[in-house]
Amino acid sequence: MSLHDDLRTPFRTTALALSILLAGCGSGHTPTPTGSSPSADHTPARSPTGNASAEEVAAEQRGDVDCPADKPAAPAGTPVDDLLGVRPGLTYEQAAHLVLCANPLLVISEENDRGFNFPTYGQKLRQAFTARFAEPRVQKTSRQIIQEMERDTTARGMNAVRHDLKPGQSKWFVSTMGMPGQERVIAVAREEWFDAGRNPTMDSVQQALVGKYGPLSKQDGSGNYRRLVWIFDPRGRRASETSPLYNQCSGIADPDGSVNLSPDCGVVIQAYLYGLRDNLALAQRMQVGVVDQAGGYAAVDTTERGLAALDAQRRARQVQDASKNAQAPSL
């Protein structure tokens with residue numbers, strides 16, 4: 001993550017190295033939310049076995065989820081900044097609940113490998129979670145496994161493009177920050193592949209996005225894709241082409257992408273629309289993301305300082321206890 005160059009404090013120096021590296025999916029465990037307070041901290045006691053449909057796998061991993069989920073409204077006078085209700089400022093639990101209610105096949109995994117790089121002093125922070133469609137569980141023979149490995153090796157050797165979503169599926173990435181148990185959303189990204197044979201036009205998808213988020217700040221792209229961006233300053237004012245923020249503030253759209261934070265930028269919404277290979281007027285898939293750069297920057301700052309203060313208190317208590325209970329040296 002790139003942060004502003006005028007940062008002077010020790011935190012700021014550390015923060016320069018902060019990045020959410022989203023190149024790969026972590027192996028985080030899958031939560032089983034219950035009722036209206038989904039949690040990504042539940043680990044199943046025993047892994048299910050045997051063949052199962054995607055619906056059965058989802059039911060095993062989701063647990064009891066009450067839908068629809070509440071969608072807290074954004075403060076008055078602020079930009080529209082949500083993806084299906086998930087927006088910066090929501091608690092980790094609120095966001096997880098909304099994501100699970102977006103589709104009954106979605107399952108959540110806590111993301112442990114894609115977080116901000118700063119000392120946590122042994123504290124566990126929930127910095128992110130991902131969500132994707134449950135897949136059928138199929139017991140395979142050793143021969144089938146070897147055949148799949150050979151096909152994968154051949155595809156890699158031919159530089160074949162292999163997407164991890166099928167038509168009709170979607171996936172999410174939600175970045176959170178805060179003291180343990182108090183984490184809140186700072187960024188969210190979602191990718192959706194439209195159903196085969198029911199692809200909307202590129203123009204209609206763009207019109208729907210503009211209808212929700214308002215006039216575009218910028219638009220570019222090439223023959224097979226469009227990039228749409230909405231840029232706001234930290235006070236919620238739309239950045240014009242003459243604003244220095246126009247080229248400074250970038251967003252996130254790809255759930256496997258990266259997040260930039262700067263105290264100078266506010267909410268940035270970014271979308272990529274990709275056309276079908278054989279008809280570029282029709283949309284194959286859509287990526288949309290929202291990041292509150294100034295809010296996220298402040299959250300990282302506050303969290304790092306808070307964790308450092310807790311550790312200082314811990315060390316002070318150890319010194320105090322040592323003055324009472326420590327063994328005297330033998331002289």
# chains A, B, ... in the order shown; residues from 1 in each chain; ligands from 1
call {"tool": "closest_atom_pairs", "arguments": {"of": "region 79-136 of chain A", "to": "region 226-245 of chain A", "cutoff": "12 Å", "atoms": "only C-alpha atoms", "output": "tab-separated table"}}
result
residue	atom	partner	partner_atom	distance
A:Pro79	CA	A:Gly236	CA	6.2
A:Val80	CA	A:Gly236	CA	9.9
A:Asp81	CA	A:Trp230	CA	9.9
call {"tool": "select_by_dssp", "arguments": {"residues": "region 22-239 of chain A", "states": "helix (DSSP H, G or I)", "output": "VMD selection string"}}
result
chain A and resid 54 to 62 92 to 102 142 to 157 202 to 213
call {"tool": "residues_around", "arguments": {"residues": "Leu84 (chain A)", "least_positions_apart": "2", "cutoff": "9 Å", "atoms": "only C-alpha atoms", "output": "ChimeraX atom specification"}}
result
/A:71,82,86-87,98-99,102
call {"tool": "write_last_selection", "arguments": {"atoms": "N, CA and C atoms", "output": "mmCIF file, in the first residue's frame"}}
result
data_model
loop_
_atom_site.group_PDB
_atom_site.id
_atom_site.type_symbol
_atom_site.label_atom_id
_atom_site.label_comp_id
_atom_site.auth_asym_id
_atom_site.auth_seq_id
_atom_site.Cartn_x
_atom_site.Cartn_y
_atom_site.Cartn_z
ATOM 1 N N LYS A 71 -29.453 -3.457 6.904
ATOM 2 C CA LYS A 71 -28.516 -2.648 6.129
ATOM 3 C C LYS A 71 -28.434 -1.257 6.744
ATOM 4 N N ASP A 82 -21.896 1.702 -0.746
ATOM 5 C CA ASP A 82 -22.076 0.310 -0.336
ATOM 6 C C ASP A 82 -22.100 -0.631 -1.534
ATOM 7 N N VAL A 86 -23.000 -3.651 2.084
ATOM 8 C CA VAL A 86 -21.710 -3.703 2.781
ATOM 9 C C VAL A 86 -20.958 -2.416 2.479
ATOM 10 N N ARG A 87 -20.591 -1.681 3.521
ATOM 11 C CA ARG A 87 -19.948 -0.386 3.319
ATOM 12 C C ARG A 87 -18.908 -0.129 4.404
ATOM 13 N N LEU A 98 -24.294 -9.518 6.059
ATOM 14 C CA LEU A 98 -24.797 -9.031 4.771
ATOM 15 C C LEU A 98 -24.261 -9.868 3.612
ATOM 16 N N VAL A 99 -22.982 -10.228 3.666
ATOM 17 C CA VAL A 99 -22.398 -11.029 2.584
ATOM 18 C C VAL A 99 -23.084 -12.387 2.507
ATOM 19 N N ALA A 102 -26.328 -12.345 0.817
ATOM 20 C CA ALA A 102 -26.331 -11.987 -0.600
ATOM 21 C C ALA A 102 -26.623 -13.190 -1.482
#
call {"tool": "closest_atom_pairs", "arguments": {"of": "region 182-261 of chain A", "to": "region 275-281 of chain A", "cutoff": "12 Å", "atoms": "only C-alpha atoms", "output": "tab-separated table"}}
result
residue	atom	partner	partner_atom	distance
A:Trp193	CA	A:Leu276	CA	10.8
A:Phe194	CA	A:Leu276	CA	10.3
A:Asp195	CA	A:Leu276	CA	11.9
A:Ala196	CA	A:Leu276	CA	10.2
A:Gly197	CA	A:Leu276	CA	11.0
A:Arg198	CA	A:Leu276	CA	11.7
A:Asn199	CA	A:Leu276	CA	8.6
A:Pro200	CA	A:Ala281	CA	8.8
A:Thr201	CA	A:Ala281	CA	5.7
A:Met202	CA	A:Ala281	CA	5.6
A:Asp203	CA	A:Ala281	CA	7.7
A:Ser204	CA	A:Ala281	CA	10.0
A:Val205	CA	A:Ala281	CA	10.8
A:Gln206	CA	A:Ala281	CA	11.7
A:Gly221	CA	A:Gly275	CA	11.4
A:Ser222	CA	A:Gly275	CA	10.4
A:Gly223	CA	A:Leu280	CA	7.5
A:Asn224	CA	A:Gly275	CA	5.3
A:Tyr225	CA	A:Gly275	CA	6.0
A:Arg226	CA	A:Gly275	CA	8.7
A:Arg227	CA	A:Gly275	CA	11.9
call {"tool": "write_last_selection", "arguments": {"atoms": "N, CA and C atoms", "output": "mmCIF file, in the first residue's frame"}}
result
data_model
loop_
_atom_site.group_PDB
_atom_site.id
_atom_site.type_symbol
_atom_site.label_atom_id
_atom_site.label_comp_id
_atom_site.auth_asym_id
_atom_site.auth_seq_id
_atom_site.Cartn_x
_atom_site.Cartn_y
_atom_site.Cartn_z
ATOM 1 N N TRP A 193 -19.987 -12.858 -12.043
ATOM 2 C CA TRP A 193 -20.098 -13.343 -13.417
ATOM 3 C C TRP A 193 -21.580 -13.518 -13.730
ATOM 4 N N PHE A 194 -22.001 -12.910 -14.828
ATOM 5 C CA PHE A 194 -23.419 -12.968 -15.186
ATOM 6 C C PHE A 194 -23.784 -14.341 -15.741
ATOM 7 N N ASP A 195 -25.044 -14.725 -15.532
ATOM 8 C CA ASP A 195 -25.513 -16.029 -15.999
ATOM 9 C C ASP A 195 -25.325 -16.159 -17.503
ATOM 10 N N ALA A 196 -24.861 -17.310 -17.947
ATOM 11 C CA ALA A 196 -24.703 -17.571 -19.379
ATOM 12 C C ALA A 196 -26.059 -17.487 -20.065
ATOM 13 N N GLY A 197 -26.102 -16.767 -21.169
ATOM 14 C CA GLY A 197 -27.345 -16.606 -21.902
ATOM 15 C C GLY A 197 -28.229 -15.491 -21.373
ATOM 16 N N ARG A 198 -27.829 -14.875 -20.260
ATOM 17 C CA ARG A 198 -28.616 -13.765 -19.694
ATOM 18 C C ARG A 198 -27.723 -12.551 -19.460
ATOM 19 N N ASN A 199 -26.689 -12.425 -20.261
ATOM 20 C CA ASN A 199 -25.738 -11.338 -20.072
ATOM 21 C C ASN A 199 -26.370 -9.990 -20.382
ATOM 22 N N PRO A 200 -26.248 -9.015 -19.465
ATOM 23 C CA PRO A 200 -26.749 -7.671 -19.753
ATOM 24 C C PRO A 200 -25.807 -6.945 -20.705
ATOM 25 N N THR A 201 -26.259 -5.861 -21.266
ATOM 26 C CA THR A 201 -25.378 -5.070 -22.111
ATOM 27 C C THR A 201 -24.393 -4.301 -21.239
ATOM 28 N N MET A 202 -23.244 -3.992 -21.815
ATOM 29 C CA MET A 202 -22.256 -3.185 -21.093
ATOM 30 C C MET A 202 -22.857 -1.831 -20.717
ATOM 31 N N ASP A 203 -23.622 -1.250 -21.646
ATOM 32 C CA ASP A 203 -24.214 0.059 -21.378
ATOM 33 C C ASP A 203 -25.204 0.007 -20.217
ATOM 34 N N SER A 204 -26.005 -1.058 -20.142
ATOM 35 C CA SER A 204 -27.005 -1.123 -19.071
ATOM 36 C C SER A 204 -26.352 -1.303 -17.706
ATOM 37 N N VAL A 205 -25.240 -2.055 -17.657
ATOM 38 C CA VAL A 205 -24.531 -2.211 -16.387
ATOM 39 C C VAL A 205 -23.936 -0.877 -15.955
ATOM 40 N N GLN A 206 -23.346 -0.154 -16.911
ATOM 41 C CA GLN A 206 -22.789 1.148 -16.570
ATOM 42 C C GLN A 206 -23.884 2.103 -16.104
ATOM 43 N N GLY A 221 -10.607 2.716 -20.484
ATOM 44 C CA GLY A 221 -10.678 1.302 -20.829
ATOM 45 C C GLY A 221 -10.181 1.059 -22.230
ATOM 46 N N SER A 222 -10.506 -0.135 -22.737
ATOM 47 C CA SER A 222 -10.128 -0.501 -24.101
ATOM 48 C C SER A 222 -11.289 -1.249 -24.721
ATOM 49 N N GLY A 223 -11.027 -2.007 -25.761
ATOM 50 C CA GLY A 223 -12.107 -2.656 -26.483
ATOM 51 C C GLY A 223 -12.909 -3.648 -25.670
ATOM 52 N N ASN A 224 -12.244 -4.381 -24.750
ATOM 53 C CA ASN A 224 -12.959 -5.454 -24.056
ATOM 54 C C ASN A 224 -13.302 -5.130 -22.607
ATOM 55 N N TYR A 225 -12.933 -3.923 -22.120
ATOM 56 C CA TYR A 225 -13.300 -3.605 -20.741
ATOM 57 C C TYR A 225 -13.489 -2.092 -20.577
ATOM 58 N N ARG A 226 -14.200 -1.745 -19.517
ATOM 59 C CA ARG A 226 -14.370 -0.344 -19.139
ATOM 60 C C ARG A 226 -14.005 -0.197 -17.662
ATOM 61 N N ARG A 227 -13.341 0.903 -17.339
ATOM 62 C CA ARG A 227 -13.064 1.233 -15.941
ATOM 63 C C ARG A 227 -13.826 2.495 -15.576
#
call {"tool": "select_by_dssp", "arguments": {"residues": "region 34-127 of chain A", "states": "strand (DSSP E or B)", "output": "MDAnalysis selection string"}}
result
chainID A and resid 34:35 37 52 65 83 86 91 106:110
call {"tool": "closest_residue", "arguments": {"among": "A:Pro255, A:Gly63, A:Gly122, A:Gly306", "to": "Met286 (chain A)", "atoms": "only C-alpha atoms"}}
result
A:Pro255
call {"tool": "atom_distance", "arguments": {"atom1": "CA of Phe173 (chain A)", "atom2": "CA of Phe118 (chain A)"}}
result
20.5 Å
call {"tool": "residues_around", "arguments": {"residues": "Gly89 (chain A)", "least_positions_apart": "5", "cutoff": "9 Å", "atoms": "only C-alpha atoms", "output": "JSON, numbers by chain"}}
result
{"A": [74, 176, 184, 185, 186, 292, 295]}
call {"tool": "residues_around", "arguments": {"residues": "region 163-165 of chain A", "least_positions_apart": "2", "cutoff": "9 Å", "atoms": "only C-alpha atoms", "output": "ChimeraX atom specification"}}
result
/A:132-133,161,167-171,191-193
call {"tool": "write_last_selection", "arguments": {"atoms": "all heavy atoms", "output": "compact mmCIF listing (two decimals), in the first residue's frame"}}
result
# COMPACT_ATOMS: atom_id res chain seq x y z
N ARG A 132 -16.94 -16.93 -1.08
CA ARG A 132 -17.14 -17.46 -2.42
C ARG A 132 -18.15 -18.59 -2.37
O ARG A 132 -18.56 -19.03 -1.30
CB ARG A 132 -15.84 -17.92 -3.05
CG ARG A 132 -14.93 -18.74 -2.24
CD ARG A 132 -13.59 -18.98 -2.94
NE ARG A 132 -13.75 -19.35 -4.33
CZ ARG A 132 -13.22 -18.65 -5.34
NH1 ARG A 132 -12.50 -17.59 -5.12
NH2 ARG A 132 -13.42 -19.04 -6.59
N PHE A 133 -18.58 -19.05 -3.54
CA PHE A 133 -19.60 -20.08 -3.63
C PHE A 133 -19.05 -21.42 -3.13
O PHE A 133 -17.92 -21.79 -3.43
CB PHE A 133 -20.08 -20.24 -5.07
CG PHE A 133 -21.21 -19.31 -5.44
CD1 PHE A 133 -21.19 -17.97 -5.08
CD2 PHE A 133 -22.31 -19.78 -6.15
CE1 PHE A 133 -22.23 -17.11 -5.42
CE2 PHE A 133 -23.35 -18.93 -6.49
CZ PHE A 133 -23.31 -17.60 -6.13
N VAL A 161 -5.58 -19.24 -19.80
CA VAL A 161 -6.25 -18.38 -18.84
C VAL A 161 -7.34 -19.20 -18.15
O VAL A 161 -8.25 -19.73 -18.80
CB VAL A 161 -6.87 -17.15 -19.53
CG1 VAL A 161 -7.64 -16.32 -18.53
CG2 VAL A 161 -5.78 -16.33 -20.21
N PRO A 167 -20.08 -18.76 -14.62
CA PRO A 167 -21.23 -17.89 -14.81
C PRO A 167 -22.26 -18.09 -13.69
O PRO A 167 -22.55 -19.22 -13.29
CB PRO A 167 -21.78 -18.34 -16.16
CG PRO A 167 -20.58 -18.86 -16.89
CD PRO A 167 -19.74 -19.53 -15.83
N GLY A 168 -22.76 -16.98 -13.17
CA GLY A 168 -23.73 -17.01 -12.09
C GLY A 168 -23.12 -16.97 -10.69
O GLY A 168 -23.85 -16.87 -9.70
N GLN A 169 -21.79 -17.02 -10.61
CA GLN A 169 -21.13 -17.01 -9.30
C GLN A 169 -20.55 -15.63 -8.99
O GLN A 169 -20.41 -14.78 -9.86
CB GLN A 169 -20.02 -18.05 -9.25
CG GLN A 169 -20.50 -19.49 -9.29
CD GLN A 169 -19.36 -20.48 -9.09
OE1 GLN A 169 -18.19 -20.17 -9.28
NE2 GLN A 169 -19.71 -21.70 -8.69
N SER A 170 -20.21 -15.45 -7.72
CA SER A 170 -19.57 -14.20 -7.29
C SER A 170 -18.60 -14.52 -6.16
O SER A 170 -18.65 -15.60 -5.56
CB SER A 170 -20.63 -13.19 -6.80
OG SER A 170 -21.34 -13.71 -5.69
N LYS A 171 -17.72 -13.57 -5.87
CA LYS A 171 -16.81 -13.70 -4.74
C LYS A 171 -16.57 -12.32 -4.14
O LYS A 171 -16.75 -11.29 -4.80
CB LYS A 171 -15.49 -14.35 -5.14
CG LYS A 171 -14.62 -13.54 -6.09
CD LYS A 171 -13.31 -14.30 -6.38
CE LYS A 171 -12.41 -13.51 -7.34
NZ LYS A 171 -11.15 -14.23 -7.62
N GLU A 191 -16.74 -9.46 -7.14
CA GLU A 191 -16.75 -9.82 -8.57
C GLU A 191 -17.96 -10.70 -8.84
O GLU A 191 -18.25 -11.62 -8.08
CB GLU A 191 -15.48 -10.56 -8.96
CG GLU A 191 -15.45 -10.96 -10.44
CD GLU A 191 -14.11 -11.54 -10.87
OE1 GLU A 191 -13.14 -11.45 -10.09
OE2 GLU A 191 -14.04 -12.10 -11.99
N GLU A 192 -18.65 -10.41 -9.92
CA GLU A 192 -19.84 -11.18 -10.31
C GLU A 192 -19.75 -11.57 -11.77
O GLU A 192 -19.44 -10.74 -12.63
CB GLU A 192 -21.11 -10.36 -10.08
CG GLU A 192 -22.38 -11.04 -10.56
CD GLU A 192 -23.62 -10.18 -10.38
OE1 GLU A 192 -23.50 -9.05 -9.88
OE2 GLU A 192 -24.72 -10.65 -10.75
N TRP A 193 -19.99 -12.86 -12.04
CA TRP A 193 -20.10 -13.34 -13.42
C TRP A 193 -21.58 -13.52 -13.73
O TRP A 193 -22.30 -14.18 -12.98
CB TRP A 193 -19.36 -14.68 -13.56
CG TRP A 193 -17.88 -14.52 -13.67
CD1 TRP A 193 -17.04 -13.97 -12.74
CD2 TRP A 193 -17.06 -14.90 -14.77
NE1 TRP A 193 -15.75 -13.97 -13.18
CE2 TRP A 193 -15.72 -14.55 -14.44
CE3 TRP A 193 -17.31 -15.51 -15.99
CZ2 TRP A 193 -14.66 -14.79 -15.29
CZ3 TRP A 193 -16.23 -15.74 -16.84
CH2 TRP A 193 -14.93 -15.38 -16.50
call {"tool": "atom_distance", "arguments": {"atom1": "CA of Glu150 (chain A)", "atom2": "CA of Arg137 (chain A)"}}
result
20.6 Å
call {"tool": "residues_around", "arguments": {"residues": "Thr91 (chain A)", "least_positions_apart": "5", "cutoff": "12 Å", "atoms": "only C-alpha atoms", "output": "VMD selection string"}}
result
chain A and resid 37 to 39 71 to 72 86 96 to 98 126 to 128 174 to 187
call {"tool": "closest_residue", "arguments": {"among": "A:Val188, A:Ile252, A:Leu273, A:Ile146", "to": "Pro88 (chain A)", "atoms": "only C-alpha atoms"}}
result
A:Val188
call {"tool": "closest_residue", "arguments": {"among": "A:Gln144, A:Gln293, A:Asn112, A:Gln313", "to": "Gly266 (chain A)", "atoms": "only C-alpha atoms"}}
result
A:Gln293
